[in-house]
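Structure file my_file08.cif (mmCIF, C-alpha atoms, pLDDT in the B column; chains and numbers go by the auth columns) follows.
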```
data_data
loop_
_atom_site.group_PDB
_atom_site.id
_atom_site.type_symbol
_atom_site.label_atom_id
_atom_site.label_comp_id
_atom_site.label_asym_id
_atom_site.label_seq_id
_atom_site.Cartn_x
_atom_site.Cartn_y
_atom_site.Cartn_z
_atom_site.B_iso_or_equiv
_atom_site.auth_seq_id
_atom_site.auth_asym_id
ATOM 1 C CA MET A 1 5.485 11.598 -0.345 62.00 1 S
ATOM 2 C CA SER A 2 8.954 12.963 0.319 82.00 2 S
ATOM 3 C CA ASP A 3 11.749 10.824 1.735 91.00 3 S
ATOM 4 C CA ALA A 4 11.309 12.525 5.109 92.00 4 S
ATOM 5 C CA ALA A 5 7.596 11.714 5.164 94.00 5 S
ATOM 6 C CA ASP A 6 8.198 8.107 4.071 96.00 6 S
ATOM 7 C CA ILE A 7 10.842 7.658 6.771 98.00 7 S
ATOM 8 C CA GLN A 8 8.568 9.122 9.422 98.00 8 S
ATOM 9 C CA GLU A 9 5.704 6.863 8.351 98.00 9 S
ATOM 10 C CA VAL A 10 7.893 3.791 8.920 99.00 10 S
ATOM 11 C CA LEU A 11 9.087 5.013 12.317 99.00 11 S
ATOM 12 C CA ASP A 12 5.623 6.060 13.480 98.00 12 S
ATOM 13 C CA PHE A 13 4.158 2.713 12.465 98.00 13 S
ATOM 14 C CA TRP A 14 6.850 0.695 14.224 98.00 14 S
ATOM 15 C CA PHE A 15 7.469 2.721 17.365 98.00 15 S
ATOM 16 C CA GLY A 16 4.473 4.981 17.879 97.00 16 S
ATOM 17 C CA THR A 17 5.282 7.608 20.504 97.00 17 S
ATOM 18 C CA LEU A 18 8.339 6.814 22.607 97.00 18 S
ATOM 19 C CA THR A 19 8.395 7.577 26.330 95.00 19 S
ATOM 20 C CA ASP A 20 11.834 7.580 27.959 94.00 20 S
ATOM 21 C CA GLY A 21 13.130 5.836 24.853 95.00 21 S
ATOM 22 C CA LEU A 22 10.543 3.054 24.991 96.00 22 S
ATOM 23 C CA ALA A 23 7.515 2.241 22.872 96.00 23 S
ATOM 24 C CA ALA A 24 4.168 1.557 24.523 96.00 24 S
ATOM 25 C CA ASP A 25 3.533 -2.033 25.619 93.00 25 S
ATOM 26 C CA ALA A 26 0.843 -2.536 22.969 93.00 26 S
ATOM 27 C CA VAL A 27 3.267 -1.408 20.266 95.00 27 S
ATOM 28 C CA ARG A 28 6.034 -3.649 21.567 94.00 28 S
ATOM 29 C CA ARG A 29 3.737 -6.684 21.471 92.00 29 S
ATOM 30 C CA GLY A 30 3.170 -6.085 17.778 92.00 30 S
ATOM 31 C CA TRP A 31 6.848 -6.240 16.891 94.00 31 S
ATOM 32 C CA PHE A 32 7.061 -10.001 16.946 87.00 32 S
ATOM 33 C CA GLU A 33 3.405 -10.815 16.340 83.00 33 S
ATOM 34 C CA SER A 34 2.757 -13.454 13.719 84.00 34 S
ATOM 35 C CA SER A 35 -0.674 -13.063 12.167 91.00 35 S
ATOM 36 C CA PRO A 36 -1.946 -12.968 8.585 93.00 36 S
ATOM 37 C CA GLU A 37 -3.714 -9.679 9.317 95.00 37 S
ATOM 38 C CA ARG A 38 -0.597 -7.879 10.490 94.00 38 S
ATOM 39 C CA ASP A 39 1.495 -9.345 7.681 95.00 39 S
ATOM 40 C CA GLU A 40 -1.037 -8.101 5.139 96.00 40 S
ATOM 41 C CA ASP A 41 -1.158 -4.654 6.731 96.00 41 S
ATOM 42 C CA ILE A 42 2.622 -4.334 6.480 97.00 42 S
ATOM 43 C CA ARG A 43 2.588 -5.704 2.926 98.00 43 S
ATOM 44 C CA ARG A 44 0.000 -3.140 1.869 98.00 44 S
ATOM 45 C CA ARG A 45 1.700 -0.206 3.566 98.00 45 S
ATOM 46 C CA PHE A 46 5.343 -0.971 3.019 98.00 46 S
ATOM 47 C CA GLY A 47 5.643 -3.568 0.265 98.00 47 S
ATOM 48 C CA PRO A 48 6.536 -0.869 -2.293 97.00 48 S
ATOM 49 C CA ALA A 49 9.262 0.496 -0.003 98.00 49 S
ATOM 50 C CA LEU A 50 10.757 -2.987 0.355 98.00 50 S
ATOM 51 C CA GLU A 51 10.762 -3.407 -3.428 98.00 51 S
ATOM 52 C CA ARG A 52 12.505 -0.054 -3.813 97.00 52 S
ATOM 53 C CA ALA A 53 15.096 -0.936 -1.185 98.00 53 S
ATOM 54 C CA ALA A 54 15.794 -4.306 -2.799 97.00 54 S
ATOM 55 C CA GLY A 55 16.357 -2.509 -6.093 96.00 55 S
ATOM 56 C CA GLY A 56 18.740 0.034 -4.611 94.00 56 S
ATOM 57 C CA GLY A 57 16.191 2.829 -4.653 92.00 57 S
ATOM 58 C CA LEU A 58 16.264 4.040 -1.041 95.00 58 S
ATOM 59 C CA GLY A 59 19.894 5.073 -0.780 94.00 59 S
ATOM 60 C CA SER A 60 18.934 8.614 0.194 96.00 60 S
ATOM 61 C CA TRP A 61 17.398 7.264 3.413 98.00 61 S
ATOM 62 C CA LEU A 62 20.902 6.393 4.589 98.00 62 S
ATOM 63 C CA ASP A 63 21.935 10.047 4.856 97.00 63 S
ATOM 64 C CA THR A 64 20.653 10.306 8.445 98.00 64 S
ATOM 65 C CA ALA A 65 20.562 8.030 11.481 98.00 65 S
ATOM 66 C CA ARG A 66 16.773 7.961 11.600 98.00 66 S
ATOM 67 C CA GLY A 67 16.528 7.385 7.876 98.00 67 S
ATOM 68 C CA SER A 68 18.981 4.514 8.238 99.00 68 S
ATOM 69 C CA LEU A 69 16.862 3.109 11.061 99.00 69 S
ATOM 70 C CA ALA A 70 13.771 3.200 8.842 99.00 70 S
ATOM 71 C CA PHE A 71 15.748 1.524 6.046 99.00 71 S
ATOM 72 C CA ILE A 72 16.818 -1.227 8.463 99.00 72 S
ATOM 73 C CA LEU A 73 13.228 -1.766 9.584 99.00 73 S
ATOM 74 C CA VAL A 74 12.075 -2.156 5.984 99.00 74 S
ATOM 75 C CA CYS A 75 14.889 -4.551 5.034 99.00 75 S
ATOM 76 C CA ASP A 76 15.192 -6.549 8.267 99.00 76 S
ATOM 77 C CA GLN A 77 11.715 -6.523 9.853 98.00 77 S
ATOM 78 C CA PHE A 78 9.083 -5.790 7.218 98.00 78 S
ATOM 79 C CA SER A 79 10.776 -8.245 4.849 98.00 79 S
ATOM 80 C CA ARG A 80 10.177 -11.039 7.360 97.00 80 S
ATOM 81 C CA GLN A 81 6.484 -10.244 7.591 96.00 81 S
ATOM 82 C CA ILE A 82 5.874 -9.535 3.922 97.00 82 S
ATOM 83 C CA HIS A 83 7.640 -12.759 2.853 97.00 83 S
ATOM 84 C CA ARG A 84 7.031 -14.925 5.920 95.00 84 S
ATOM 85 C CA GLY A 85 8.180 -18.499 5.329 94.00 85 S
ATOM 86 C CA GLU A 86 9.780 -17.621 1.989 96.00 86 S
ATOM 87 C CA ALA A 87 13.325 -16.963 0.834 97.00 87 S
ATOM 88 C CA GLY A 88 12.406 -13.316 0.361 97.00 88 S
ATOM 89 C CA ALA A 89 12.175 -12.952 4.140 98.00 89 S
ATOM 90 C CA PHE A 90 15.983 -12.906 4.236 98.00 90 S
ATOM 91 C CA ALA A 91 16.826 -11.475 0.814 98.00 91 S
ATOM 92 C CA THR A 92 17.440 -7.922 2.011 99.00 92 S
ATOM 93 C CA ASP A 93 19.315 -8.881 5.187 99.00 93 S
ATOM 94 C CA PRO A 94 22.681 -7.835 3.674 99.00 94 S
ATOM 95 C CA LEU A 95 21.291 -4.361 2.968 99.00 95 S
ATOM 96 C CA ALA A 96 20.050 -4.002 6.530 99.00 96 S
ATOM 97 C CA LEU A 97 23.340 -5.272 7.933 99.00 97 S
ATOM 98 C CA GLY A 98 25.346 -2.847 5.822 99.00 98 S
ATOM 99 C CA ALA A 99 23.268 0.085 7.058 99.00 99 S
ATOM 100 C CA ALA A 100 23.565 -1.116 10.651 99.00 100 S
ATOM 101 C CA GLU A 101 27.336 -1.545 10.401 99.00 101 S
ATOM 102 C CA THR A 102 27.708 1.993 9.092 99.00 102 S
ATOM 103 C CA LEU A 103 25.632 3.430 11.942 99.00 103 S
ATOM 104 C CA VAL A 104 27.656 1.552 14.542 99.00 104 S
ATOM 105 C CA GLU A 105 31.009 2.420 12.964 99.00 105 S
ATOM 106 C CA ARG A 106 30.089 6.109 13.022 98.00 106 S
ATOM 107 C CA GLY A 107 28.658 5.934 16.522 98.00 107 S
ATOM 108 C CA SER A 108 25.368 7.250 15.156 98.00 108 S
ATOM 109 C CA ASP A 109 23.446 4.397 16.773 98.00 109 S
ATOM 110 C CA ARG A 110 24.073 6.098 20.104 97.00 110 S
ATOM 111 C CA THR A 111 22.066 9.139 19.004 98.00 111 S
ATOM 112 C CA LEU A 112 18.931 6.991 18.829 98.00 112 S
ATOM 113 C CA ALA A 113 16.471 6.085 21.573 98.00 113 S
ATOM 114 C CA LEU A 114 16.733 2.831 23.510 97.00 114 S
ATOM 115 C CA ASP A 115 14.133 0.849 21.563 98.00 115 S
ATOM 116 C CA GLU A 116 15.398 2.283 18.283 99.00 116 S
ATOM 117 C CA ARG A 117 18.896 0.986 18.995 99.00 117 S
ATOM 118 C CA VAL A 118 17.516 -2.525 19.468 99.00 118 S
ATOM 119 C CA PHE A 119 16.481 -2.619 15.822 99.00 119 S
ATOM 120 C CA VAL A 120 19.827 -1.287 14.633 99.00 120 S
ATOM 121 C CA TYR A 121 21.492 -4.265 16.312 99.00 121 S
ATOM 122 C CA LEU A 122 19.080 -6.985 15.160 99.00 122 S
ATOM 123 C CA PRO A 123 20.660 -7.306 11.674 99.00 123 S
ATOM 124 C CA PHE A 124 23.850 -8.482 13.404 99.00 124 S
ATOM 125 C CA GLU A 125 21.766 -11.070 15.274 99.00 125 S
ATOM 126 C CA HIS A 126 20.125 -12.200 12.037 99.00 126 S
ATOM 127 C CA ALA A 127 23.424 -12.764 10.193 99.00 127 S
ATOM 128 C CA GLU A 128 24.588 -16.325 9.543 99.00 128 S
ATOM 129 C CA SER A 129 28.113 -15.298 10.472 98.00 129 S
ATOM 130 C CA ARG A 130 30.015 -16.096 13.632 98.00 130 S
ATOM 131 C CA LEU A 131 31.751 -12.717 13.494 99.00 131 S
ATOM 132 C CA HIS A 132 28.479 -10.813 13.352 99.00 132 S
ATOM 133 C CA GLN A 133 26.940 -13.010 16.031 99.00 133 S
ATOM 134 C CA HIS A 134 29.728 -12.099 18.431 99.00 134 S
ATOM 135 C CA ALA A 135 29.235 -8.447 17.495 99.00 135 S
ATOM 136 C CA SER A 136 25.504 -8.790 18.176 99.00 136 S
ATOM 137 C CA VAL A 137 26.070 -10.113 21.678 99.00 137 S
ATOM 138 C CA GLY A 138 28.590 -7.364 22.346 99.00 138 S
ATOM 139 C CA LEU A 139 26.197 -4.648 21.188 99.00 139 S
ATOM 140 C CA PHE A 140 23.251 -5.964 23.172 99.00 140 S
ATOM 141 C CA SER A 141 25.440 -6.473 26.225 99.00 141 S
ATOM 142 C CA ALA A 142 26.604 -2.860 26.062 98.00 142 S
ATOM 143 C CA LEU A 143 23.029 -1.680 25.562 98.00 143 S
ATOM 144 C CA ARG A 144 21.868 -3.577 28.631 98.00 144 S
ATOM 145 C CA ASP A 145 24.701 -2.132 30.690 97.00 145 S
ATOM 146 C CA GLU A 146 23.787 1.403 29.587 96.00 146 S
ATOM 147 C CA THR A 147 20.090 0.933 30.333 96.00 147 S
ATOM 148 C CA PRO A 148 18.633 2.501 33.497 94.00 148 S
ATOM 149 C CA PRO A 149 17.998 -0.194 36.142 95.00 149 S
ATOM 150 C CA GLY A 150 14.220 0.084 35.851 93.00 150 S
ATOM 151 C CA GLN A 151 14.366 -0.791 32.137 94.00 151 S
ATOM 152 C CA ARG A 152 17.193 -3.309 32.230 96.00 152 S
ATOM 153 C CA HIS A 153 14.866 -6.320 32.177 95.00 153 S
ATOM 154 C CA LEU A 154 13.811 -5.262 28.670 95.00 154 S
ATOM 155 C CA THR A 155 17.285 -4.980 27.194 96.00 155 S
ATOM 156 C CA GLY A 156 18.329 -8.051 29.174 97.00 156 S
ATOM 157 C CA ALA A 157 15.691 -10.052 27.298 97.00 157 S
ATOM 158 C CA PHE A 158 17.089 -8.881 23.960 98.00 158 S
ATOM 159 C CA LEU A 159 20.580 -9.863 25.114 98.00 159 S
ATOM 160 C CA ARG A 160 19.378 -13.373 25.954 98.00 160 S
ATOM 161 C CA HIS A 161 17.846 -13.692 22.490 97.00 161 S
ATOM 162 C CA ALA A 162 21.116 -12.516 20.951 98.00 162 S
ATOM 163 C CA GLN A 163 23.021 -15.141 22.921 98.00 163 S
ATOM 164 C CA GLN A 164 20.563 -17.803 21.774 97.00 164 S
ATOM 165 C CA HIS A 165 21.046 -16.823 18.127 98.00 165 S
ATOM 166 C CA ARG A 166 24.825 -16.756 18.551 98.00 166 S
ATOM 167 C CA ASP A 167 24.848 -20.228 20.056 98.00 167 S
ATOM 168 C CA ILE A 168 22.848 -21.629 17.135 98.00 168 S
ATOM 169 C CA VAL A 169 25.227 -20.162 14.552 98.00 169 S
ATOM 170 C CA LEU A 170 28.272 -21.288 16.529 98.00 170 S
ATOM 171 C CA ARG A 171 26.835 -24.809 16.553 98.00 171 S
ATOM 172 C CA PHE A 172 25.559 -25.101 12.977 98.00 172 S
ATOM 173 C CA GLY A 173 27.159 -22.234 11.065 98.00 173 S
ATOM 174 C CA ARG A 174 23.670 -21.124 10.028 98.00 174 S
ATOM 175 C CA PHE A 175 20.060 -20.989 11.219 98.00 175 S
ATOM 176 C CA PRO A 176 18.471 -24.397 10.532 97.00 176 S
ATOM 177 C CA HIS A 177 14.958 -22.957 10.778 96.00 177 S
ATOM 178 C CA ARG A 178 15.637 -21.112 7.499 97.00 178 S
ATOM 179 C CA ASN A 179 16.534 -24.242 5.582 97.00 179 S
ATOM 180 C CA ARG A 180 13.055 -24.990 4.271 95.00 180 S
ATOM 181 C CA ALA A 181 12.437 -21.444 3.041 96.00 181 S
ATOM 182 C CA LEU A 182 15.863 -21.263 1.410 97.00 182 S
ATOM 183 C CA GLY A 183 15.676 -24.717 -0.167 97.00 183 S
ATOM 184 C CA ARG A 184 18.600 -26.008 1.887 98.00 184 S
ATOM 185 C CA ALA A 185 18.921 -29.629 2.953 98.00 185 S
ATOM 186 C CA SER A 186 19.008 -30.094 6.719 97.00 186 S
ATOM 187 C CA THR A 187 21.582 -32.332 8.337 98.00 187 S
ATOM 188 C CA PRO A 188 20.435 -35.067 10.749 97.00 188 S
ATOM 189 C CA GLU A 189 21.698 -32.954 13.647 97.00 189 S
ATOM 190 C CA GLU A 190 19.720 -29.967 12.397 97.00 190 S
ATOM 191 C CA LEU A 191 16.570 -32.044 12.002 96.00 191 S
ATOM 192 C CA ALA A 192 16.896 -33.236 15.581 96.00 192 S
ATOM 193 C CA PHE A 193 17.381 -29.643 16.710 96.00 193 S
ATOM 194 C CA LEU A 194 14.328 -28.455 14.764 94.00 194 S
ATOM 195 C CA GLU A 195 12.131 -30.988 16.541 92.00 195 S
ATOM 196 C CA THR A 196 12.412 -28.959 19.734 87.00 196 S
ATOM 197 C CA ALA A 197 13.542 -25.509 18.597 83.00 197 S
ATOM 198 C CA GLY A 198 11.236 -22.623 17.810 68.00 198 S
ATOM 199 C CA ASP A 199 10.646 -21.451 14.266 62.00 199 S
ATOM 200 C CA PHE A 200 11.558 -17.799 14.918 63.00 200 S
ATOM 201 C CA GLY A 201 8.325 -16.683 13.306 52.00 201 S
ATOM 202 C CA GLN A 202 9.095 -18.039 9.843 53.00 202 S
ATOM 203 C CA ARG A 203 7.084 -21.257 9.568 53.00 203 S
ATOM 204 C CA ARG A 204 3.902 -20.941 7.497 41.00 204 S
#
```

The structure given in the file should be rewritten as structure tokens.
Amino acid sequence: MSDAADIQEVLDFWFGTLTDGLAADAVRRGWFESSPERDEDIRRRFGPALERAAGGGLGSWLDTARGSLAFILVCDQFSRQIHRGEAGAFATDPLALGAAETLVERGSDRTLALDERVFVYLPFEHAESRLHQHASVGLFSALRDETPPGQRHLTGAFLRHAQQHRDIVLRFGRFPHRNRALGRASTPEELAFLETAGDFGQRR
């Protein structure tokens, strides 16, 4: 397929048909679903695209805002499902973050629909960097403020998640729930935290 067709396949799979900038409820539920069946479906459909991105082969996708969005989805979302519980889940995060930073710097993120913008900002939230965590909260806060009142509960939920991620990185300097996958030793404080914290979808 052409780049345009590949990009559209990613966007159609992830968002379906948007109404007033929002995906259907059934589609939204699938975004953070953790099931072997969905992971395998994404691996089968988009594993080759992730391999190409990791090898620097999807640079042409970055020529447009929607192509950049598809690139971010492959490198920041599909990677987590294809390599759930493994180091590979986070290996392409820097690529996704770079694409997201470029979109934001150019203001191109603001040409995208509401739900699409959420996934441009998630690479900031996923970064183990205090600077990017503060940027994440700022972006999600602005998005909530720009959201029509009837939809603000949705973007407000994403803002709360961003604040939660920021607080973890401010406390530990990293995400302790990644330690096992990345072969990192956890500190006693992190181990105590992990006893009660969620696994953010990455425990297998």

Can you tell me, as a ChimeraX atom specification, what residues are no more than 10 Å from Phe46 in chain S when counting all atoms listed in the file, ignoring any on the same chain fewer than 2 positions away?
/S:6,9-10,40-44,48-52,74,78-79,82

Please provide the set of residues having any atom within 12 Å of Asp3 in chain S, restricted to all atoms listed in the file, with same-chain residues fewer than 6 positions apart removed, written as a compact mmCIF listing (two decimals) with C-alpha atoms, keeping the file's coordinate frame.
```txt
# COMPACT_ATOMS: atom_id res chain seq x y z
CA GLU S 9 5.70 6.86 8.35
CA VAL S 10 7.89 3.79 8.92
CA ALA S 49 9.26 0.50 0.00
CA GLY S 57 16.19 2.83 -4.65
CA LEU S 58 16.26 4.04 -1.04
CA GLY S 59 19.89 5.07 -0.78
CA SER S 60 18.93 8.61 0.19
CA TRP S 61 17.40 7.26 3.41
CA LEU S 62 20.90 6.39 4.59
CA ASP S 63 21.94 10.05 4.86
CA THR S 64 20.65 10.31 8.44
CA ARG S 66 16.77 7.96 11.60
CA GLY S 67 16.53 7.38 7.88
CA SER S 68 18.98 4.51 8.24
CA ALA S 70 13.77 3.20 8.84
CA PHE S 71 15.75 1.52 6.05
```

Quick check on the file I pasted: which residues fall under the PyMOL selection byres ((chain S and resi 187) around 12)? Write them as a ChimeraX atom specification.
/S:172-177,179-180,184-186,188-194

Per-residue nearest contacts range 19-115 of chain S to range 128-148 of chain S, cut-off 12 Å, using all atoms listed in the file, as CSV:
```
residue,atom,partner,partner_atom,distance
S:Asp20,CA,S:Pro148,CA,10.1
S:Gly21,CA,S:Thr147,CA,10.1
S:Leu22,CA,S:Thr147,CA,11.1
S:Phe90,CA,S:Glu128,CA,10.7
S:Asp93,CA,S:Glu128,CA,10.1
S:Pro94,CA,S:Glu128,CA,10.5
S:Leu97,CA,S:His132,CA,9.3
S:Gly98,CA,S:His132,CA,11.4
S:Ala100,CA,S:Ser136,CA,10.9
S:Glu101,CA,S:His132,CA,9.8
S:Val104,CA,S:Leu139,CA,9.2
S:Glu105,CA,S:Leu139,CA,11.9
S:Gly107,CA,S:Leu139,CA,11.8
S:Asp109,CA,S:Leu139,CA,10.4
S:Arg110,CA,S:Leu143,CA,9.6
S:Leu112,CA,S:Leu143,CA,11.7
S:Ala113,CA,S:Thr147,CA,10.8
S:Leu114,CA,S:Thr147,CA,7.8
S:Asp115,CA,S:Leu143,CA,10.1
```

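Around Ala87 in chain S, within 7 Å and counting only C-alpha atoms, the residues found are Ala91, Ala181 and Leu182 of chain S, once anything fewer than 4 positions away on its own chain is removed.
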
How many Å separate CA of Leu103 in chain S from CA of Ala5 in chain S?
21.0 Å
